[in-house]
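Peer 1: You'll find query-v1.pdb just under this line, and it carries PDB, C-alpha atoms, pLDDT in the B column.
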```pdb
ATOM      1  CA  GLN A   1      18.433 341.104 141.358  1.00 84.00           C
ATOM      2  CA  VAL A   2      15.976 342.532 143.875  1.00 89.00           C
ATOM      3  CA  GLN A   3      13.115 340.753 145.615  1.00 93.00           C
ATOM      4  CA  LEU A   4      10.125 342.566 147.109  1.00 95.00           C
ATOM      5  CA  VAL A   5       7.965 340.903 149.754  1.00 94.00           C
ATOM      6  CA  GLU A   6       4.728 342.518 150.883  1.00 95.00           C
ATOM      7  CA  SER A   7       2.668 342.032 154.008  1.00 94.00           C
ATOM      8  CA  GLY A   8      -0.188 343.642 155.910  1.00 95.00           C
ATOM      9  CA  GLY A   9      -3.295 343.381 153.750  1.00 93.00           C
ATOM     10  CA  GLY A  10      -6.675 342.297 155.041  1.00 97.00           C
ATOM     11  CA  LEU A  11     -10.373 343.018 155.494  1.00 97.00           C
ATOM     12  CA  VAL A  12     -11.504 346.158 157.312  1.00 97.00           C
ATOM     13  CA  GLN A  13     -14.607 348.309 157.569  1.00 98.00           C
ATOM     14  CA  ALA A  14     -14.928 351.753 156.016  1.00 98.00           C
ATOM     15  CA  GLY A  15     -13.171 354.387 158.110  1.00 98.00           C
ATOM     16  CA  GLU A  16     -10.634 351.971 159.571  1.00 98.00           C
ATOM     17  CA  SER A  17      -6.896 351.762 158.919  1.00 98.00           C
ATOM     18  CA  LEU A  18      -4.366 349.295 157.560  1.00 98.00           C
ATOM     19  CA  LYS A  19      -0.605 349.380 157.126  1.00 98.00           C
ATOM     20  CA  LEU A  20       1.190 347.636 154.286  1.00 98.00           C
ATOM     21  CA  SER A  21       4.889 346.793 154.341  1.00 97.00           C
ATOM     22  CA  CYS A  22       7.266 345.931 151.527  1.00 96.00           C
ATOM     23  CA  ALA A  23      10.742 344.613 152.279  1.00 94.00           C
ATOM     24  CA  ALA A  24      13.430 344.738 149.602  1.00 92.00           C
ATOM     25  CA  SER A  25      16.296 342.257 149.519  1.00 90.00           C
ATOM     26  CA  GLY A  26      19.138 341.580 147.171  1.00 90.00           C
ATOM     27  CA  ARG A  27      21.390 344.157 145.571  1.00 85.00           C
ATOM     28  CA  VAL A  28      19.616 347.425 146.375  1.00 79.00           C
ATOM     29  CA  PHE A  29      21.376 350.568 145.167  1.00 78.00           C
ATOM     30  CA  SER A  30      21.450 353.712 147.288  1.00 75.00           C
ATOM     31  CA  THR A  31      19.603 355.679 144.603  1.00 77.00           C
ATOM     32  CA  TYR A  32      16.453 353.608 144.700  1.00 86.00           C
ATOM     33  CA  ALA A  33      12.798 354.492 144.456  1.00 93.00           C
ATOM     34  CA  MET A  34       9.792 352.500 145.566  1.00 94.00           C
ATOM     35  CA  GLY A  35       6.152 352.897 144.785  1.00 96.00           C
ATOM     36  CA  TRP A  36       2.745 351.469 145.592  1.00 98.00           C
ATOM     37  CA  PHE A  37       0.189 350.675 142.926  1.00 98.00           C
ATOM     38  CA  ARG A  38      -3.208 349.031 143.137  1.00 98.00           C
ATOM     39  CA  ARG A  39      -5.547 347.139 140.859  1.00 98.00           C
ATOM     40  CA  ALA A  40      -9.249 347.149 141.643  1.00 96.00           C
ATOM     41  CA  PRO A  41     -11.542 344.491 140.152  1.00 92.00           C
ATOM     42  CA  GLY A  42     -12.110 345.180 136.472  1.00 94.00           C
ATOM     43  CA  LYS A  43      -9.737 348.159 136.427  1.00 96.00           C
ATOM     44  CA  ALA A  44      -6.185 348.843 135.332  1.00 96.00           C
ATOM     45  CA  ARG A  45      -3.290 349.061 137.755  1.00 97.00           C
ATOM     46  CA  GLU A  46      -3.040 352.617 139.085  1.00 97.00           C
ATOM     47  CA  PHE A  47      -0.463 354.646 140.942  1.00 98.00           C
ATOM     48  CA  VAL A  48      -0.955 355.218 144.673  1.00 98.00           C
ATOM     49  CA  ALA A  49       2.272 356.647 146.143  1.00 98.00           C
ATOM     50  CA  ALA A  50       6.052 356.700 145.685  1.00 97.00           C
ATOM     51  CA  ILE A  51       9.157 357.597 147.667  1.00 95.00           C
ATOM     52  CA  THR A  52      12.876 357.873 146.906  1.00 91.00           C
ATOM     53  CA  TRP A  53      15.573 356.459 149.160  1.00 81.00           C
ATOM     54  CA  SER A  54      18.144 359.195 148.803  1.00 70.00           C
ATOM     55  CA  ALA A  55      16.216 362.347 148.050  1.00 61.00           C
ATOM     56  CA  GLY A  56      13.213 361.687 150.240  1.00 74.00           C
ATOM     57  CA  ASP A  57      10.839 362.891 147.536  1.00 90.00           C
ATOM     58  CA  ILE A  58       7.267 361.724 148.027  1.00 94.00           C
ATOM     59  CA  TYR A  59       4.361 361.574 145.604  1.00 96.00           C
ATOM     60  CA  TYR A  60       0.693 360.681 146.030  1.00 97.00           C
ATOM     61  CA  ALA A  61      -2.270 360.093 143.793  1.00 98.00           C
ATOM     62  CA  ASP A  62      -4.975 362.696 144.365  1.00 97.00           C
ATOM     63  CA  SER A  63      -7.431 359.978 145.406  1.00 97.00           C
ATOM     64  CA  VAL A  64      -5.342 359.026 148.476  1.00 98.00           C
ATOM     65  CA  LYS A  65      -3.681 362.315 149.397  1.00 96.00           C
ATOM     66  CA  ASP A  66      -4.358 363.282 153.034  1.00 95.00           C
ATOM     67  CA  ARG A  67      -5.455 359.707 153.850  1.00 98.00           C
ATOM     68  CA  PHE A  68      -2.435 357.563 152.958  1.00 98.00           C
ATOM     69  CA  THR A  69       1.167 358.049 154.071  1.00 97.00           C
ATOM     70  CA  ILE A  70       4.208 356.434 152.473  1.00 96.00           C
ATOM     71  CA  SER A  71       7.386 356.114 154.513  1.00 94.00           C
ATOM     72  CA  MET A  72      10.581 354.089 154.580  1.00 90.00           C
ATOM     73  CA  HIS A  73      13.100 352.567 156.926  1.00 88.00           C
ATOM     74  CA  ASN A  74      16.417 352.696 155.089  1.00 82.00           C
ATOM     75  CA  ALA A  75      18.312 350.268 157.313  1.00 83.00           C
ATOM     76  CA  LYS A  76      15.567 347.673 156.925  1.00 85.00           C
ATOM     77  CA  ARG A  77      15.158 348.398 153.219  1.00 88.00           C
ATOM     78  CA  THR A  78      11.431 348.530 153.879  1.00 92.00           C
ATOM     79  CA  VAL A  79       8.740 350.871 152.619  1.00 94.00           C
ATOM     80  CA  TYR A  80       5.370 351.292 154.326  1.00 96.00           C
ATOM     81  CA  LEU A  81       1.943 352.490 153.264  1.00 98.00           C
ATOM     82  CA  GLN A  82      -0.216 353.665 156.139  1.00 98.00           C
ATOM     83  CA  MET A  83      -3.819 353.791 154.942  1.00 98.00           C
ATOM     84  CA  ASN A  84      -6.316 355.726 157.073  1.00 98.00           C
ATOM     85  CA  SER A  85      -9.997 356.538 156.576  1.00 98.00           C
ATOM     86  CA  LEU A  86     -10.318 353.653 154.164  1.00 98.00           C
ATOM     87  CA  LYS A  87     -13.222 353.655 151.720  1.00 97.00           C
ATOM     88  CA  PRO A  88     -14.856 350.782 149.820  1.00 97.00           C
ATOM     89  CA  GLU A  89     -13.355 352.195 146.611  1.00 97.00           C
ATOM     90  CA  ASP A  90      -9.891 351.542 148.072  1.00 98.00           C
ATOM     91  CA  THR A  91     -10.585 347.811 147.718  1.00 98.00           C
ATOM     92  CA  ALA A  92      -7.869 346.411 145.456  1.00 98.00           C
ATOM     93  CA  VAL A  93      -4.771 344.284 145.246  1.00 98.00           C
ATOM     94  CA  TYR A  94      -1.876 346.500 146.295  1.00 98.00           C
ATOM     95  CA  PHE A  95       1.548 346.026 144.742  1.00 98.00           C
ATOM     96  CA  CYS A  96       4.861 347.504 145.750  1.00 97.00           C
ATOM     97  CA  ALA A  97       7.359 348.264 143.011  1.00 97.00           C
ATOM     98  CA  GLY A  98      11.038 349.143 142.891  1.00 94.00           C
ATOM     99  CA  LYS A  99      13.289 351.054 140.572  1.00 93.00           C
ATOM    100  CA  GLN A 100      17.089 351.078 140.714  1.00 90.00           C
ATOM    101  CA  GLY A 101      19.134 354.133 139.843  1.00 87.00           C
ATOM    102  CA  TYR A 102      16.517 356.786 140.471  1.00 87.00           C
ATOM    103  CA  GLU A 103      17.289 360.246 139.071  1.00 87.00           C
ATOM    104  CA  ARG A 104      15.372 363.478 139.488  1.00 84.00           C
ATOM    105  CA  GLY A 105      12.914 363.758 136.649  1.00 86.00           C
ATOM    106  CA  THR A 106      12.017 360.073 136.587  1.00 89.00           C
ATOM    107  CA  ILE A 107       8.260 359.783 136.438  1.00 93.00           C
ATOM    108  CA  LEU A 108       7.420 357.576 139.401  1.00 95.00           C
ATOM    109  CA  GLU A 109       3.679 357.633 138.692  1.00 96.00           C
ATOM    110  CA  ARG A 110       4.137 355.349 135.665  1.00 96.00           C
ATOM    111  CA  LYS A 111       4.133 351.597 136.250  1.00 96.00           C
ATOM    112  CA  GLU A 112       6.518 351.171 133.283  1.00 96.00           C
ATOM    113  CA  THR A 113       9.195 353.001 135.304  1.00 96.00           C
ATOM    114  CA  TYR A 114       9.605 350.099 137.736  1.00 96.00           C
ATOM    115  CA  GLU A 115      11.754 347.017 137.284  1.00 95.00           C
ATOM    116  CA  TYR A 116      10.690 344.922 140.272  1.00 95.00           C
ATOM    117  CA  TRP A 117       7.284 344.059 141.688  1.00 97.00           C
ATOM    118  CA  GLY A 118       5.939 342.428 144.809  1.00 96.00           C
ATOM    119  CA  GLN A 119       3.427 339.595 144.738  1.00 95.00           C
ATOM    120  CA  GLY A 120       0.465 341.782 145.684  1.00 96.00           C
ATOM    121  CA  SER A 121      -1.545 342.096 148.878  1.00 96.00           C
ATOM    122  CA  GLN A 122      -5.352 342.102 148.993  1.00 97.00           C
ATOM    123  CA  VAL A 123      -7.044 345.001 150.768  1.00 98.00           C
ATOM    124  CA  THR A 124     -10.822 344.781 151.137  1.00 98.00           C
ATOM    125  CA  VAL A 125     -12.876 347.591 152.643  1.00 98.00           C
ATOM    126  CA  SER A 126     -16.486 346.819 153.492  1.00 97.00           C
ATOM    127  CA  SER A 127     -19.168 349.496 153.743  1.00 93.00           C
TER     128      SER A 127
END
```
Transcribe the structure of this file into structure tokens.

Peer 2:
Amino acid sequence: QVQLVESGGGLVQAGESLKLSCAASGRVFSTYAMGWFRRAPGKAREFVAAITWSAGDIYYADSVKDRFTISMHNAKRTVYLQMNSLKPEDTAVYFCAGKQGYERGTILERKETYEYWGQGSQVTVSS
């Protein structure tokens, strides 16, 4: 079993930055992938970014590319989402997600791919 604990959300103004963290504990395999999703008010949960532990592959949604950066610290089993140039439309609850046994070809943009989820962290961007 794997537990994911998020931190780092908050309220910022448009153009500012925030950094989210997600720490994984429990039995984490070496071939592990983690992703970030978000759910804005009245909308479905959508993919934001993903990263693999072993291969170092990184994926972004077009809406956040060039503004957000996903990274990881293997020893700490922690994944980060650095969010720059935030916009009001980035306002959402952000969730980290984990998948054991990642293999090349796994579609990390799909929420159904993931087995574990964090509790969610509110990010609010005011205009």

Peer 1: Give me the residues near segment 59-72 of chain A as a tab-separated table (two decimals) with C-alpha atoms, in the frame of the given file, where near means some atom within 12 Å (using only C-alpha atoms) and where sequence neighbours in that chain fewer than 3 positions away do not count.

Peer 2:
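Dumped everything to out-v9.tsv:
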```tsv
chain	number	residue	atom	x	y	z
A	15	GLY	CA	-13.17	354.39	158.11
A	16	GLU	CA	-10.63	351.97	159.57
A	17	SER	CA	-6.90	351.76	158.92
A	18	LEU	CA	-4.37	349.30	157.56
A	19	LYS	CA	-0.60	349.38	157.13
A	20	LEU	CA	1.19	347.64	154.29
A	21	SER	CA	4.89	346.79	154.34
A	22	CYS	CA	7.27	345.93	151.53
A	23	ALA	CA	10.74	344.61	152.28
A	24	ALA	CA	13.43	344.74	149.60
A	32	TYR	CA	16.45	353.61	144.70
A	33	ALA	CA	12.80	354.49	144.46
A	34	MET	CA	9.79	352.50	145.57
A	35	GLY	CA	6.15	352.90	144.78
A	36	TRP	CA	2.74	351.47	145.59
A	37	PHE	CA	0.19	350.68	142.93
A	38	ARG	CA	-3.21	349.03	143.14
A	46	GLU	CA	-3.04	352.62	139.08
A	47	PHE	CA	-0.46	354.65	140.94
A	48	VAL	CA	-0.96	355.22	144.67
A	49	ALA	CA	2.27	356.65	146.14
A	50	ALA	CA	6.05	356.70	145.68
A	51	ILE	CA	9.16	357.60	147.67
A	52	THR	CA	12.88	357.87	146.91
A	53	TRP	CA	15.57	356.46	149.16
A	54	SER	CA	18.14	359.20	148.80
A	55	ALA	CA	16.22	362.35	148.05
A	56	GLY	CA	13.21	361.69	150.24
A	75	ALA	CA	18.31	350.27	157.31
A	76	LYS	CA	15.57	347.67	156.93
A	77	ARG	CA	15.16	348.40	153.22
A	78	THR	CA	11.43	348.53	153.88
A	79	VAL	CA	8.74	350.87	152.62
A	80	TYR	CA	5.37	351.29	154.33
A	81	LEU	CA	1.94	352.49	153.26
A	82	GLN	CA	-0.22	353.66	156.14
A	83	MET	CA	-3.82	353.79	154.94
A	84	ASN	CA	-6.32	355.73	157.07
A	85	SER	CA	-10.00	356.54	156.58
A	86	LEU	CA	-10.32	353.65	154.16
A	87	LYS	CA	-13.22	353.66	151.72
A	89	GLU	CA	-13.36	352.20	146.61
A	90	ASP	CA	-9.89	351.54	148.07
A	96	CYS	CA	4.86	347.50	145.75
A	106	THR	CA	12.02	360.07	136.59
A	107	ILE	CA	8.26	359.78	136.44
A	108	LEU	CA	7.42	357.58	139.40
A	109	GLU	CA	3.68	357.63	138.69
A	110	ARG	CA	4.14	355.35	135.66
```

Peer 1: Starting from the PyMOL selection byres ((chain A and resi 40) around 7), expand the selection into actual residues of this file and give them as a list of chain:residue names.

Peer 2: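 Evaluating the PyMOL selection byres ((chain A and resi 40) around 7) on this file yields A:Arg38, A:Arg39, A:Pro41, A:Gly42, A:Lys43, A:Thr91, A:Ala92, A:Val93.
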
Peer 1: Rounded to one decimal, what separation in Å do you get between atom CA of Gln13 of chain A and atom CA of Ala97 of chain A?

Peer 2: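 Going from atom CA of Gln13 of chain A over to atom CA of Ala97 of chain A covers 26.4 Å.
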
Peer 1: Separation of atom CA of Val125 of chain A and atom CA of Leu11 of chain A, in Å?

Peer 2: 5.9 Å

Peer 1: Here is a test: counting all atoms listed in the file, which residue of A:Gln1, A:Gln119, A:Ser7, A:Ser127 is nearest to Lys99 of chain A?

Peer 2: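 With all atoms listed in the file as the atom set, the closest residue is A:Gln1.
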
Peer 1: How many Å separate atom CA of Arg45 of chain A from atom CA of Gly8 of chain A?

Peer 2: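 Computed distance, atom CA of Arg45 of chain A to atom CA of Gly8 of chain A, equals 19.2 Å.
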
Peer 1: Let me have the centre and edge lengths in Å, one decimal, of the box along x, y and z around every listed atom of segment 16-24 of chain A with 4 Å of margin on each side, as JSON.

Peer 2:
```
{"center_x": 1.4, "center_y": 348.3, "center_z": 154.6, "size_x": 32.1, "size_y": 15.4, "size_z": 18.0}
```

Peer 1: Go through A:Gln122, A:Tyr114, A:Ile58, A:Ser25 and flag the residue nearest Gln3 of chain A, using all atoms listed in the file for the distances.

Peer 2: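 When distances to Gln3 of chain A are compared using all atoms listed in the file, the smallest one comes from A:Ser25.
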
Peer 1: Of the residues A:Leu4, A:Gly10, A:Ala44, A:His73, which is the one nearest to Tyr116 of chain A, using only C-alpha atoms?

Peer 2: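 Among the listed residues, A:Leu4 lies closest to Tyr116 of chain A.
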